[in-house]
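Printed here is model.cif (mmCIF, C-alpha atoms and all ligand atoms):
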```
data_target
loop_
_atom_site.label_atom_id
_atom_site.label_comp_id
_atom_site.auth_asym_id
_atom_site.auth_seq_id
_atom_site.Cartn_x
_atom_site.Cartn_y
_atom_site.Cartn_z
CA MET X 1452 -19.23 23.65 -28.57
CA LEU X 1453 -16.66 26.45 -28.31
CA ARG X 1454 -16.79 26.07 -24.54
CA THR X 1455 -15.95 22.40 -24.88
CA ILE X 1456 -13.01 23.23 -27.12
CA ILE X 1457 -11.72 25.97 -24.86
CA ASN X 1458 -12.33 23.97 -21.69
CA LEU X 1459 -8.80 23.18 -20.62
CA GLY X 1460 -9.44 21.02 -17.85
CA PHE X 1461 -12.40 18.86 -17.11
CA LEU X 1462 -9.87 16.05 -17.11
CA LYS X 1463 -6.97 18.03 -15.75
CA ASN X 1464 -9.13 19.03 -12.75
CA SER X 1465 -8.81 15.49 -11.47
CA MET X 1466 -5.05 16.07 -11.11
CA ASN X 1467 -3.50 17.70 -8.08
CA GLU X 1468 -1.23 20.74 -8.45
CA GLY X 1469 1.96 18.68 -8.49
CA GLN X 1470 0.60 16.39 -11.19
CA LYS X 1471 -0.52 19.36 -13.31
CA THR X 1472 2.99 20.81 -13.20
CA GLU X 1473 4.48 17.40 -13.98
CA PHE X 1474 2.07 16.96 -16.90
CA ASP X 1475 2.84 20.42 -18.32
CA ARG X 1476 6.56 19.75 -18.10
CA GLU X 1477 6.19 16.39 -19.77
CA LEU X 1478 4.35 18.04 -22.68
CA ILE X 1479 6.95 20.80 -22.94
CA ASN X 1480 9.71 18.21 -23.17
CA ILE X 1481 7.86 16.18 -25.83
CA ASN X 1482 7.03 19.26 -27.91
CA TYR X 1483 10.53 20.64 -27.53
CA ASN X 1484 12.24 17.44 -28.67
CA ARG X 1485 9.89 17.02 -31.63
CA SER X 1486 10.24 20.67 -32.67
CA LYS X 1487 14.02 20.51 -32.37
CA HIS X 1488 14.27 17.49 -34.68
CA LEU X 1489 11.76 19.00 -37.08
CA SER X 1490 13.60 22.32 -37.26
CA ASN X 1491 16.84 20.54 -38.23
CA LEU X 1492 15.05 18.66 -41.00
CA LEU X 1493 13.19 21.76 -42.25
CA LEU X 1494 16.39 23.81 -42.37
CA PHE X 1495 17.75 21.34 -44.87
CA VAL X 1496 14.48 21.38 -46.90
CA PHE X 1497 14.36 25.19 -47.00
CA LEU X 1498 17.98 25.42 -48.15
CA VAL X 1499 17.14 23.09 -51.05
CA LEU X 1500 14.10 25.26 -51.89
CA ILE X 1501 16.25 28.38 -51.88
CA PHE X 1502 18.52 26.64 -54.33
CA THR X 1503 15.51 25.93 -56.61
CA ASP X 1504 14.55 29.62 -56.26
CA TYR X 1505 18.05 30.48 -57.47
CA LEU X 1506 17.58 28.18 -60.49
CA ASN X 1507 14.23 29.87 -61.19
CA TYR X 1508 15.96 33.22 -60.99
CA ASN X 1509 18.58 32.11 -63.50
CA LYS X 1510 15.79 31.00 -65.86
CA GLY X 1511 14.41 34.55 -65.64
CA LEU X 1512 11.11 33.39 -64.07
CA TRP X 1513 11.29 36.10 -61.37
CA GLU X 1514 10.73 38.80 -63.99
CA GLY X 1515 7.72 37.16 -65.64
CA VAL X 1516 5.75 35.90 -62.60
CA PRO X 1517 5.74 38.00 -59.37
CA GLY X 1518 4.98 34.92 -57.23
CA TYR X 1519 8.51 33.53 -57.69
CA ARG X 1520 10.05 36.51 -55.98
CA LEU X 1521 7.57 36.21 -53.06
CA LEU X 1522 8.20 32.46 -52.94
CA PHE X 1523 11.90 33.12 -52.54
CA PHE X 1524 11.22 35.56 -49.68
CA SER X 1525 8.97 33.03 -47.94
CA HIS X 1526 11.71 30.40 -48.22
CA LEU X 1527 14.27 32.90 -47.00
CA PHE X 1528 11.99 33.79 -44.07
CA LEU X 1529 11.56 30.12 -43.17
CA THR X 1530 15.28 29.42 -43.45
CA ILE X 1531 16.27 32.37 -41.27
CA GLU X 1532 13.50 31.57 -38.75
CA THR X 1533 14.55 27.93 -38.52
CA LEU X 1534 18.20 28.86 -38.28
CA LEU X 1535 17.45 31.36 -35.51
CA VAL X 1536 15.49 28.92 -33.39
CA ILE X 1537 18.25 26.32 -33.82
CA ILE X 1538 20.88 28.86 -32.78
CA TYR X 1539 18.64 29.89 -29.87
CA SER X 1540 18.35 26.30 -28.70
CA PHE X 1541 22.09 25.85 -29.09
CA PHE X 1542 23.04 28.91 -27.10
CA ALA X 1543 20.38 28.42 -24.48
CA ARG X 1544 21.99 24.99 -23.94
CA LEU X 1545 18.55 23.52 -23.74
CA GLN X 1546 19.73 20.03 -24.33
CA SER X 1547 21.14 19.30 -20.91
CA PRO X 1548 19.46 21.26 -18.07
CA LEU X 1549 16.16 19.82 -17.04
CA ASP X 1550 14.58 22.92 -15.55
CA LYS X 1551 14.67 25.39 -18.50
CA TYR X 1552 10.99 24.95 -19.27
CA GLY X 1553 10.43 28.63 -20.05
CA GLU X 1554 13.10 28.56 -22.80
CA LYS X 1555 11.77 25.31 -24.20
CA ARG X 1556 8.25 26.69 -24.32
CA PHE X 1557 9.49 29.82 -26.10
CA PHE X 1558 11.37 27.67 -28.62
CA VAL X 1559 8.28 25.57 -29.43
CA THR X 1560 5.91 28.56 -29.58
CA SER X 1561 8.12 30.70 -31.81
CA PHE X 1562 8.95 27.77 -34.06
CA SER X 1563 5.25 26.86 -34.52
CA TYR X 1564 4.04 30.44 -35.12
CA LEU X 1565 6.85 31.49 -37.45
CA THR X 1566 6.79 28.29 -39.50
CA LEU X 1567 3.02 28.64 -40.00
CA ILE X 1568 3.47 32.27 -41.08
CA GLY X 1569 6.24 31.19 -43.50
CA THR X 1570 4.02 28.53 -45.05
CA ILE X 1571 1.21 31.10 -45.36
CA MET X 1572 3.61 33.27 -47.35
CA SER X 1573 4.45 30.28 -49.58
CA SER X 1574 0.77 29.56 -50.22
CA ILE X 1575 0.08 33.24 -50.98
CA ALA X 1576 3.00 33.19 -53.46
CA ASP X 1577 1.51 30.06 -54.99
CA GLN X 1578 -1.66 32.05 -55.86
CA TYR X 1579 0.36 33.75 -58.61
CA MET X 1580 1.53 30.42 -60.05
CA ASN X 1581 -0.54 27.27 -59.38
CA GLY X 1582 -3.31 28.76 -57.19
CA GLN X 1583 -2.78 26.07 -54.52
CA ILE X 1584 -2.88 26.31 -50.69
CA THR X 1585 -1.40 22.85 -50.06
CA VAL X 1586 1.70 24.01 -48.16
CA PHE X 1587 -0.30 25.89 -45.50
CA VAL X 1588 -2.88 23.09 -45.26
CA LEU X 1589 -0.17 20.51 -44.65
CA SER X 1590 1.71 22.56 -42.07
CA SER X 1591 -1.54 23.35 -40.16
CA LEU X 1592 -2.44 19.67 -39.89
CA PHE X 1593 1.15 18.79 -39.17
CA PHE X 1594 1.38 21.08 -36.12
CA ALA X 1595 -2.00 19.85 -34.87
CA ILE X 1596 -0.67 16.30 -34.86
CA VAL X 1597 2.96 16.82 -33.84
CA ASN X 1598 2.58 19.14 -30.85
CA TYR X 1599 0.52 18.52 -27.72
CA GLN X 1600 -0.73 22.05 -27.18
CA LYS X 1601 -3.37 23.32 -24.84
CA PRO X 1602 -6.63 23.88 -26.79
CA LEU X 1603 -6.61 27.64 -26.11
CA PHE X 1604 -3.06 27.94 -27.44
CA ASN X 1605 -4.11 26.16 -30.68
CA ILE X 1606 -7.23 28.29 -31.15
CA ILE X 1607 -5.19 31.49 -30.86
CA MET X 1608 -2.46 30.17 -33.17
CA TYR X 1609 -4.89 29.04 -35.87
CA LEU X 1610 -6.98 32.19 -35.53
CA ILE X 1611 -3.95 34.42 -36.17
CA SER X 1612 -2.84 32.21 -39.08
CA TYR X 1613 -6.38 32.25 -40.48
CA VAL X 1614 -6.57 36.07 -40.48
CA ILE X 1615 -3.14 36.48 -42.11
CA PHE X 1616 -3.93 33.79 -44.66
CA ILE X 1617 -7.35 35.23 -45.60
CA ILE X 1618 -5.91 38.74 -46.07
CA GLY X 1619 -2.96 37.36 -48.10
CA ILE X 1620 -4.91 35.20 -50.54
CA THR X 1621 -7.60 37.85 -50.96
CA TYR X 1622 -4.88 40.15 -52.19
CA ALA X 1623 -2.99 37.55 -54.27
CA GLN X 1624 -5.78 35.46 -55.87
CA ALA X 1625 -7.48 37.23 -58.75
CA ASP X 1626 -10.04 34.51 -59.56
CA PRO X 1627 -13.10 34.95 -57.26
CA ASP X 1628 -14.25 31.31 -57.70
CA VAL X 1629 -10.86 29.93 -56.69
CA LEU X 1630 -10.76 32.42 -53.78
CA ARG X 1631 -14.19 31.30 -52.52
CA GLY X 1632 -13.04 27.69 -52.66
CA HIS X 1633 -9.96 28.57 -50.62
CA TYR X 1634 -12.06 30.41 -47.98
CA ILE X 1635 -14.31 27.39 -47.52
CA ASN X 1636 -11.50 24.84 -47.57
CA ILE X 1637 -9.27 26.64 -45.11
CA THR X 1638 -12.15 27.42 -42.71
CA VAL X 1639 -13.20 23.77 -42.57
CA LEU X 1640 -9.62 22.61 -42.36
CA LEU X 1641 -8.61 24.87 -39.48
CA ILE X 1642 -11.71 23.86 -37.46
CA LEU X 1643 -10.69 20.27 -38.14
CA ALA X 1644 -7.12 21.02 -36.99
CA VAL X 1645 -8.41 22.56 -33.74
CA PHE X 1646 -10.59 19.51 -33.05
CA LEU X 1647 -7.81 17.15 -33.93
CA SER X 1648 -5.33 18.80 -31.59
CA ARG X 1649 -8.02 18.92 -28.89
CA ILE X 1650 -8.66 15.16 -29.19
CA LEU X 1651 -4.94 14.35 -29.11
CA TYR X 1652 -4.40 16.62 -26.11
CA SER X 1653 -7.28 15.01 -24.18
CA ALA X 1654 -5.96 11.55 -25.02
CA LYS X 1655 -2.58 12.57 -23.65
CA VAL X 1656 -4.21 13.87 -20.43
CA LYS X 1657 -6.12 10.58 -20.03
CA ASP X 1658 -2.94 8.66 -20.68
CA PHE X 1659 -1.11 10.63 -18.02
CA ILE X 1660 -3.90 10.23 -15.46
CA SER X 1661 -4.15 6.45 -15.95
CA GLY X 1662 -0.35 6.24 -15.77
CA LYS X 1663 -0.42 8.15 -12.51
CA THR X 1664 -3.31 6.06 -11.17
CA ILE X 1665 -1.41 2.85 -11.87
CA GLU X 1666 1.73 4.39 -10.39
CA GLN X 1667 -0.16 5.44 -7.24
CA GLN X 1668 -1.82 2.04 -6.93
CA ASN X 1669 1.56 0.39 -7.27
CA ILE X 1670 3.00 2.65 -4.58
CA LYS X 1671 0.03 1.91 -2.32
CA LEU X 1672 0.34 -1.81 -3.02
CA GLU X 1673 4.04 -1.71 -2.33
CA LYS X 1674 3.40 0.15 0.93
CA THR X 1675 0.76 -2.36 1.99
CA ASN X 1676 3.10 -5.22 1.09
CA GLN X 1677 5.84 -3.62 3.11
CA GLU X 1678 3.51 -3.16 6.09
CA LEU X 1679 2.34 -6.75 5.79
CA SER X 1680 5.88 -7.98 5.54
CA ASN X 1681 6.86 -5.93 8.61
CA ALA X 1682 3.82 -7.18 10.53
CA ASN X 1683 4.70 -10.72 9.52
CA LYS X 1684 8.28 -10.22 10.61
CA ASN X 1685 7.14 -8.77 13.95
CA LEU X 1686 4.69 -11.60 14.40
CA ASN X 1687 7.38 -14.18 13.69
CA GLU X 1688 9.71 -12.45 16.11
CA SER X 1689 6.96 -12.33 18.75
CA LEU X 1690 6.14 -15.99 18.19
CA LEU X 1691 9.80 -16.87 18.48
CA ALA X 1692 10.10 -14.82 21.65
CA LEU X 1693 6.90 -16.39 22.96
CA ASP X 1694 8.17 -19.84 22.12
CA GLU X 1695 11.42 -19.10 23.86
CA SER X 1696 9.81 -17.73 27.02
CA GLN X 1697 7.25 -20.54 27.08
CA ASN X 1698 9.99 -23.09 26.59
CA ILE X 1699 12.03 -21.61 29.41
CA ILE X 1700 9.13 -21.54 31.83
CA PHE X 1701 7.90 -25.00 30.87
CA THR X 1702 11.43 -26.29 31.33
CA LEU X 1703 11.32 -24.74 34.79
CA THR X 1704 8.14 -26.68 35.47
CA LEU X 1705 9.87 -29.91 34.49
CA THR X 1706 12.82 -28.98 36.69
CA LEU X 1707 10.44 -28.42 39.56
CA GLU X 1708 8.74 -31.75 39.00
CA SER X 1709 12.08 -33.55 38.93
CA LYS X 1710 12.88 -31.86 42.23
CA ASP X 1711 9.60 -32.88 43.84
CA THR X 1712 9.35 -36.67 43.91
CA ASN X 1713 5.62 -36.48 44.46
CA THR X 1714 4.70 -34.50 41.41
CA HIS X 1715 6.28 -36.17 38.40
CA GLY X 1716 4.03 -35.48 35.36
CA HIS X 1717 1.58 -33.68 37.69
CA SER X 1718 1.23 -30.47 35.69
CA GLU X 1719 0.49 -32.30 32.42
CA ARG X 1720 -2.17 -34.45 34.05
CA VAL X 1721 -3.77 -31.38 35.70
CA ALA X 1722 -3.78 -29.74 32.27
CA GLU X 1723 -5.45 -32.83 30.81
CA PHE X 1724 -8.23 -32.88 33.44
CA ALA X 1725 -8.70 -29.12 33.09
CA MET X 1726 -9.03 -29.44 29.32
CA ALA X 1727 -11.64 -32.17 29.68
CA LEU X 1728 -13.62 -29.86 31.98
CA ALA X 1729 -13.16 -26.93 29.60
CA GLU X 1730 -14.55 -29.01 26.75
CA ASN X 1731 -17.57 -30.02 28.83
CA LEU X 1732 -18.18 -26.43 29.96
CA GLY X 1733 -17.91 -25.09 26.41
CA LEU X 1734 -15.11 -22.62 27.09
CA SER X 1735 -13.77 -20.42 24.28
CA ASP X 1736 -10.47 -21.18 22.54
CA LYS X 1737 -8.82 -18.25 24.29
CA GLU X 1738 -10.00 -19.51 27.71
CA LYS X 1739 -8.77 -22.99 26.87
CA VAL X 1740 -5.31 -21.68 25.97
CA ASN X 1741 -5.12 -19.70 29.22
CA LEU X 1742 -6.42 -22.63 31.23
CA TRP X 1743 -3.87 -25.00 29.66
CA ARG X 1744 -0.98 -22.62 30.36
CA ALA X 1745 -2.15 -21.99 33.92
CA ALA X 1746 -2.60 -25.72 34.58
CA ILE X 1747 0.96 -26.39 33.41
CA LEU X 1748 2.40 -23.51 35.44
CA HIS X 1749 0.12 -23.49 38.51
CA ASP X 1750 2.77 -24.86 40.90
CA ILE X 1751 5.78 -23.08 39.37
CA GLY X 1752 6.05 -21.08 42.63
CA LYS X 1753 7.17 -24.31 44.37
CA ILE X 1754 10.53 -23.80 42.71
CA GLY X 1755 11.36 -21.45 45.57
CA ILE X 1756 10.23 -23.87 48.30
CA PRO X 1757 13.08 -25.74 50.04
CA ASP X 1758 13.39 -29.44 49.13
CA ALA X 1759 13.13 -30.38 52.78
CA ILE X 1760 9.59 -28.99 52.89
CA LEU X 1761 8.61 -30.03 49.40
CA ASN X 1762 9.63 -33.68 49.81
CA LYS X 1763 8.91 -34.11 53.53
CA PRO X 1764 7.30 -37.54 53.97
CA SER X 1765 5.59 -36.58 57.25
CA ALA X 1766 3.15 -33.81 58.09
CA LEU X 1767 4.40 -30.23 57.80
CA THR X 1768 4.81 -27.97 60.82
CA GLU X 1769 2.88 -24.72 60.98
CA ASP X 1770 5.91 -22.73 59.81
CA GLU X 1771 6.56 -25.16 57.01
CA TRP X 1772 2.93 -24.84 55.94
CA SER X 1773 3.15 -21.10 55.79
CA VAL X 1774 6.20 -21.43 53.51
CA MET X 1775 4.34 -23.96 51.37
CA LYS X 1776 1.31 -21.68 51.13
CA SER X 1777 3.45 -18.98 49.60
CA HIS X 1778 3.87 -20.94 46.33
CA PRO X 1779 0.77 -19.57 44.49
CA GLY X 1780 1.92 -15.99 45.11
CA ARG X 1781 5.52 -16.83 44.16
CA GLY X 1782 4.28 -18.52 40.97
CA ALA X 1783 2.28 -15.45 39.93
CA GLU X 1784 5.30 -13.30 40.72
CA ILE X 1785 7.61 -15.42 38.53
CA CYS X 1786 5.15 -15.42 35.63
CA SER X 1787 4.36 -11.70 35.91
CA LYS X 1788 7.56 -10.99 33.95
CA LEU X 1789 6.30 -13.01 31.00
CA LYS X 1790 4.13 -11.26 28.47
CA PHE X 1791 2.28 -14.40 27.38
CA ALA X 1792 1.40 -15.29 31.00
CA ARG X 1793 -0.20 -11.99 31.97
CA GLY X 1794 -3.74 -13.35 31.51
CA ILE X 1795 -3.12 -16.39 33.73
CA LEU X 1796 -1.60 -14.75 36.80
CA PRO X 1797 -4.90 -14.77 38.81
CA ILE X 1798 -5.41 -18.46 37.97
CA ILE X 1799 -1.96 -19.34 39.31
CA LYS X 1800 -2.37 -17.12 42.34
CA TYR X 1801 -5.79 -18.40 43.38
CA HIS X 1802 -5.68 -22.09 42.50
CA HIS X 1803 -5.70 -23.00 46.25
CA GLU X 1804 -8.65 -20.82 47.17
CA HIS X 1805 -11.70 -22.69 48.52
CA PHE X 1806 -15.26 -22.07 47.41
CA ASP X 1807 -16.28 -21.36 51.01
CA GLY X 1808 -13.46 -18.86 51.54
CA ARG X 1809 -11.22 -21.11 53.66
CA GLY X 1810 -8.42 -21.48 51.14
CA TYR X 1811 -5.26 -19.47 50.60
CA PRO X 1812 -3.52 -17.11 49.92
CA GLU X 1813 -6.34 -14.53 50.29
CA GLY X 1814 -9.38 -16.53 51.40
CA LEU X 1815 -11.43 -15.52 48.38
CA LYS X 1816 -14.94 -16.93 48.28
CA GLY X 1817 -17.36 -18.26 45.61
CA ASP X 1818 -17.55 -16.24 42.41
CA SER X 1819 -14.78 -13.89 43.54
CA ILE X 1820 -12.34 -16.76 42.82
CA PRO X 1821 -11.49 -16.66 39.09
CA PHE X 1822 -13.51 -19.35 37.30
CA LEU X 1823 -10.46 -20.87 35.60
CA ALA X 1824 -8.68 -20.99 38.98
CA ARG X 1825 -11.63 -23.01 40.35
CA ILE X 1826 -11.22 -25.46 37.43
CA VAL X 1827 -7.48 -25.83 38.13
CA SER X 1828 -8.33 -26.44 41.79
CA VAL X 1829 -10.60 -29.39 40.90
CA ALA X 1830 -8.11 -30.80 38.36
CA ASP X 1831 -5.22 -30.36 40.82
CA THR X 1832 -7.03 -32.23 43.60
CA VAL X 1833 -8.12 -35.09 41.34
CA ASP X 1834 -4.52 -35.66 40.26
CA ALA X 1835 -3.18 -35.33 43.81
CA ILE X 1836 -5.58 -38.08 44.89
CA THR X 1837 -5.10 -40.44 41.96
CA SER X 1838 -1.29 -40.25 41.53
CA PRO X 1839 1.35 -41.95 43.69
CA ARG X 1840 2.76 -39.95 46.60
CA THR X 1841 5.60 -40.78 48.96
CA TYR X 1842 3.43 -40.28 52.02
CA ARG X 1843 0.98 -43.04 51.08
CA SER X 1844 1.58 -46.54 49.84
CA GLN X 1845 -0.99 -46.70 47.00
CA PRO X 1846 -2.61 -44.08 44.77
CA ARG X 1847 -6.32 -43.89 45.23
CA THR X 1848 -8.85 -44.60 42.46
CA MET X 1849 -10.79 -42.11 40.34
CA GLU X 1850 -13.99 -43.20 42.12
CA GLN X 1851 -12.38 -42.23 45.43
CA ALA X 1852 -11.37 -38.91 43.94
CA ILE X 1853 -14.95 -38.29 42.85
CA GLU X 1854 -16.18 -39.20 46.32
CA GLU X 1855 -13.76 -36.61 47.70
CA LEU X 1856 -15.01 -34.02 45.18
CA GLU X 1857 -18.62 -34.70 46.14
CA ARG X 1858 -17.74 -34.54 49.83
CA CYS X 1859 -16.09 -31.15 49.38
CA SER X 1860 -18.57 -29.75 46.83
CA GLY X 1861 -19.63 -26.30 47.95
CA THR X 1862 -16.87 -26.10 50.59
CA GLN X 1863 -13.56 -26.60 48.79
CA PHE X 1864 -14.94 -26.85 45.23
CA ASP X 1865 -17.45 -25.07 43.04
CA PRO X 1866 -20.47 -27.48 42.94
CA VAL X 1867 -21.02 -26.74 39.26
CA LEU X 1868 -17.50 -27.90 38.47
CA VAL X 1869 -17.84 -31.01 40.62
CA GLU X 1870 -20.95 -31.94 38.66
CA SER X 1871 -19.23 -31.17 35.41
CA PHE X 1872 -16.26 -33.36 36.34
CA ILE X 1873 -18.52 -36.28 37.24
CA GLU X 1874 -20.28 -35.85 33.91
CA VAL X 1875 -16.97 -35.88 32.08
CA TYR X 1876 -15.82 -38.96 33.98
CA LYS X 1877 -19.05 -40.81 33.24
CA SER X 1878 -18.76 -40.02 29.56
CA ASN X 1879 -15.37 -41.77 29.62
CA ALA X 1880 -13.59 -38.62 28.47
CA ILE X 1881 -11.10 -39.15 31.29
CA VAL X 1882 -8.95 -42.26 31.42
CA PRO X 1883 -8.13 -43.01 35.06
CA LEU X 1884 -4.54 -43.69 36.02
CA THR X 1885 -3.67 -47.28 36.59
FE FE X 1901 -0.49 -25.84 44.16
#
```
Would you write out, as structure tokens, the structure that this file holds?
Amino acid sequence: MLRTIINLGFLKNSMNEGQKTEFDRELININYNRSKHLSNLLLFVFLVLIFTDYLNYNKGLWEGVPGYRLLFFSHLFLTIETLLVIIYSFFARLQSPLDKYGEKRFFVTSFSYLTLIGTIMSSIADQYMNGQITVFVLSSLFFAIVNYQKPLFNIIMYLISYVIFIIGITYAQADPDVLRGHYINITVLLILAVFLSRILYSAKVKDFISGKTIEQQNIKLEKTNQELSNANKNLNESLLALDESQNIIFTLTLTLESKDTNTHGHSERVAEFAMALAENLGLSDKEKVNLWRAAILHDIGKIGIPDAILNKPSALTEDEWSVMKSHPGRGAEICSKLKFARGILPIIKYHHEHFDGRGYPEGLKGDSIPFLARIVSVADTVDAITSPRTYRSQPRTMEQAIEELERCSGTQFDPVLVESFIEVYKSNAIVPLT
């Protein structure tokens, strides 16, 4: 039991060093402010009591009963003690500086000890008159309630008071029955005071810890909110930047298509065919996004091809063809500067490769051609066949396009994709151009 009372810190152990110091300082401030107000009030009370002692003296009571003289000295002791601590606090200028914790602690300790000793003297004096110990009892309980003191501090304070009190009343109280009653009462009472102060101190520690926990959680929450808000801001900025760069590049595609009379709306239709294939092949969302972007941008490299080559109604010369064949590489080069297009560069670069290795720019073969590039290749060819071109009078039908796909399956196109396209067409997922 004693160990539990003395144990200062099963709760305080959960605090870190900084929090312990903060807690101690908070208690010092509370105790100091309470003691300061109390000392002002008590000074007034003791001065009144000294005046009553003076009246008793005038009545001649000091001569008849020895307790009155001792009572006066106890009041005088308390008055001087209170006055001294007030003067000390005044001269130490404890009111304003925040860091004079040593002085504040000294003020509280000396005030508590000396006031208890003064009230012991009063109760001893009372043994000659009324035989009561009320004053000491009240002040003991009062200090247990008013001050948040560490349990060890309280045990020492009450132990010293107890010894002085026991010696004093043993000397002053002549009636052994009354004396025995006082021994029992004060023993029980001081144990009660120690427990009481211990409970209040623990409650204060718990209060502080929960306050700190809430404070820490709030700080953490605030930090998380801030991080989220920053992430959100960054995301919005990135999306805006992405939108801007996408818009610019897609505008370039439209510019290109307006420049090339053969390819009006071509990229959107290629994207549409590619998406229908993607759906049939069960591609992931990420692959679909990349495929759609690549389909829109696959011919962006044509922006650097001279109009005379791009719009030539007759067959191209060998030199002109070599310029034309540079468009996949140019397209990848243009898009390499764009963050959002990094994943689609191989699709743009290799959309004219053939499954048998006879395509351009690198002559890649079979599975070494990126799968999404093979899809764009099929979609690109289907649209080239089925849309109007200056070099032929009528666009061909979707059936003719499929015939072409079947004819070139395994040479120009991946057979799996040819089959997939036919499947998509038969399921009416593709509306042929009219
Ligand atoms: Fe192309």
Protein and nucleic residues near ligand FE 1901 (chain X), 7 Å, only C-alpha atoms and all ligand atoms, as a PyMOL selection string: chain X and resi 1749-1750+1778-1779+1802-1803
Which residues, written as a PyMOL selection string, have at least one atom at most 9 Å from range 1720-1727 of chain X, with all atoms listed in the file counted and residues fewer than 4 positions away on the same chain left out? chain X and resi 1716+1731-1732+1739+1742-1747+1823+1826-1827+1829-1834+1872+1875+1880-1881
Which residues come within 8 Å of Ala1595 in chain X, counting only C-alpha atoms, excluding same-chain residues fewer than 5 positions away, as a list in words?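 Listing them by chain and then by number gives Asn1605, Ala1644, Val1645, Leu1647 and Ser1648 of chain X.
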Any idea what the distance is between CA of Gln1470 in chain X and CA of Thr1664 in chain X?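 Here the two named atoms are 11.0 Å from each other.
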When you count only C-alpha atoms, which of these residues is closest to Pro1866 in chain X: X:Thr1848, X:Phe1604, X:Ser1878, X:Asp1807?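 Ranking X:Thr1848, X:Phe1604, X:Ser1878, X:Asp1807 by distance to Pro1866 in chain X, first place goes to X:Asp1807.
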Which is closest to Pro1517 in chain X among X:Ile1760, X:Ala1852, X:Leu1592, X:Ala1623, if we use all atoms listed in the file?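 Closest to Pro1517 in chain X of all the choices is X:Ala1623.
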From CA of Ala1576 in chain X to CA of Leu1521 in chain X the spacing works out at 5.5 Å
Would you fill out range 1775-1790 of chain X with N, CA and C atoms and return it as a PDB file, in the coordinates of the input?
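Okay, this is what ended up in part-v5.pdb:
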```
ATOM      1  N   MET X1775       4.975 -23.253  52.491  1.00  0.00           N
ATOM      2  CA  MET X1775       4.340 -23.960  51.370  1.00  0.00           C
ATOM      3  C   MET X1775       3.215 -23.143  50.738  1.00  0.00           C
ATOM      4  N   LYS X1776       2.454 -22.462  51.622  1.00  0.00           N
ATOM      5  CA  LYS X1776       1.310 -21.680  51.130  1.00  0.00           C
ATOM      6  C   LYS X1776       1.721 -20.445  50.323  1.00  0.00           C
ATOM      7  N   SER X1777       3.010 -20.164  50.360  1.00  0.00           N
ATOM      8  CA  SER X1777       3.450 -18.980  49.600  1.00  0.00           C
ATOM      9  C   SER X1777       3.637 -19.289  48.107  1.00  0.00           C
ATOM     10  N   HIS X1778       3.530 -20.611  47.726  1.00  0.00           N
ATOM     11  CA  HIS X1778       3.870 -20.940  46.330  1.00  0.00           C
ATOM     12  C   HIS X1778       2.923 -20.341  45.279  1.00  0.00           C
ATOM     13  N   PRO X1779       1.598 -20.195  45.541  1.00  0.00           N
ATOM     14  CA  PRO X1779       0.770 -19.570  44.490  1.00  0.00           C
ATOM     15  C   PRO X1779       1.204 -18.131  44.196  1.00  0.00           C
ATOM     16  N   GLY X1780       1.485 -17.389  45.281  1.00  0.00           N
ATOM     17  CA  GLY X1780       1.920 -15.990  45.110  1.00  0.00           C
ATOM     18  C   GLY X1780       3.265 -15.909  44.408  1.00  0.00           C
ATOM     19  N   ARG X1781       4.202 -16.818  44.809  1.00  0.00           N
ATOM     20  CA  ARG X1781       5.520 -16.830  44.160  1.00  0.00           C
ATOM     21  C   ARG X1781       5.386 -17.163  42.673  1.00  0.00           C
ATOM     22  N   GLY X1782       4.491 -18.116  42.377  1.00  0.00           N
ATOM     23  CA  GLY X1782       4.280 -18.520  40.970  1.00  0.00           C
ATOM     24  C   GLY X1782       3.798 -17.347  40.140  1.00  0.00           C
ATOM     25  N   ALA X1783       2.797 -16.613  40.667  1.00  0.00           N
ATOM     26  CA  ALA X1783       2.280 -15.450  39.930  1.00  0.00           C
ATOM     27  C   ALA X1783       3.377 -14.416  39.753  1.00  0.00           C
ATOM     28  N   GLU X1784       4.197 -14.255  40.756  1.00  0.00           N
ATOM     29  CA  GLU X1784       5.300 -13.300  40.720  1.00  0.00           C
ATOM     30  C   GLU X1784       6.304 -13.677  39.612  1.00  0.00           C
ATOM     31  N   ILE X1785       6.666 -14.958  39.570  1.00  0.00           N
ATOM     32  CA  ILE X1785       7.610 -15.420  38.530  1.00  0.00           C
ATOM     33  C   ILE X1785       7.044 -15.162  37.145  1.00  0.00           C
ATOM     34  N   CYS X1786       5.754 -15.523  36.960  1.00  0.00           N
ATOM     35  CA  CYS X1786       5.150 -15.420  35.630  1.00  0.00           C
ATOM     36  C   CYS X1786       4.784 -13.990  35.245  1.00  0.00           C
ATOM     37  N   SER X1787       4.758 -13.086  36.231  1.00  0.00           N
ATOM     38  CA  SER X1787       4.360 -11.700  35.910  1.00  0.00           C
ATOM     39  C   SER X1787       5.349 -11.041  34.953  1.00  0.00           C
ATOM     40  N   LYS X1788       6.554 -11.574  34.856  1.00  0.00           N
ATOM     41  CA  LYS X1788       7.560 -10.990  33.950  1.00  0.00           C
ATOM     42  C   LYS X1788       7.348 -11.447  32.513  1.00  0.00           C
ATOM     43  N   LEU X1789       6.478 -12.452  32.344  1.00  0.00           N
ATOM     44  CA  LEU X1789       6.300 -13.010  31.000  1.00  0.00           C
ATOM     45  C   LEU X1789       5.037 -12.446  30.353  1.00  0.00           C
ATOM     46  N   LYS X1790       5.240 -11.908  29.155  1.00  0.00           N
ATOM     47  CA  LYS X1790       4.130 -11.260  28.470  1.00  0.00           C
ATOM     48  C   LYS X1790       2.985 -12.244  28.216  1.00  0.00           C
TER      49      LYS X1790
END
```
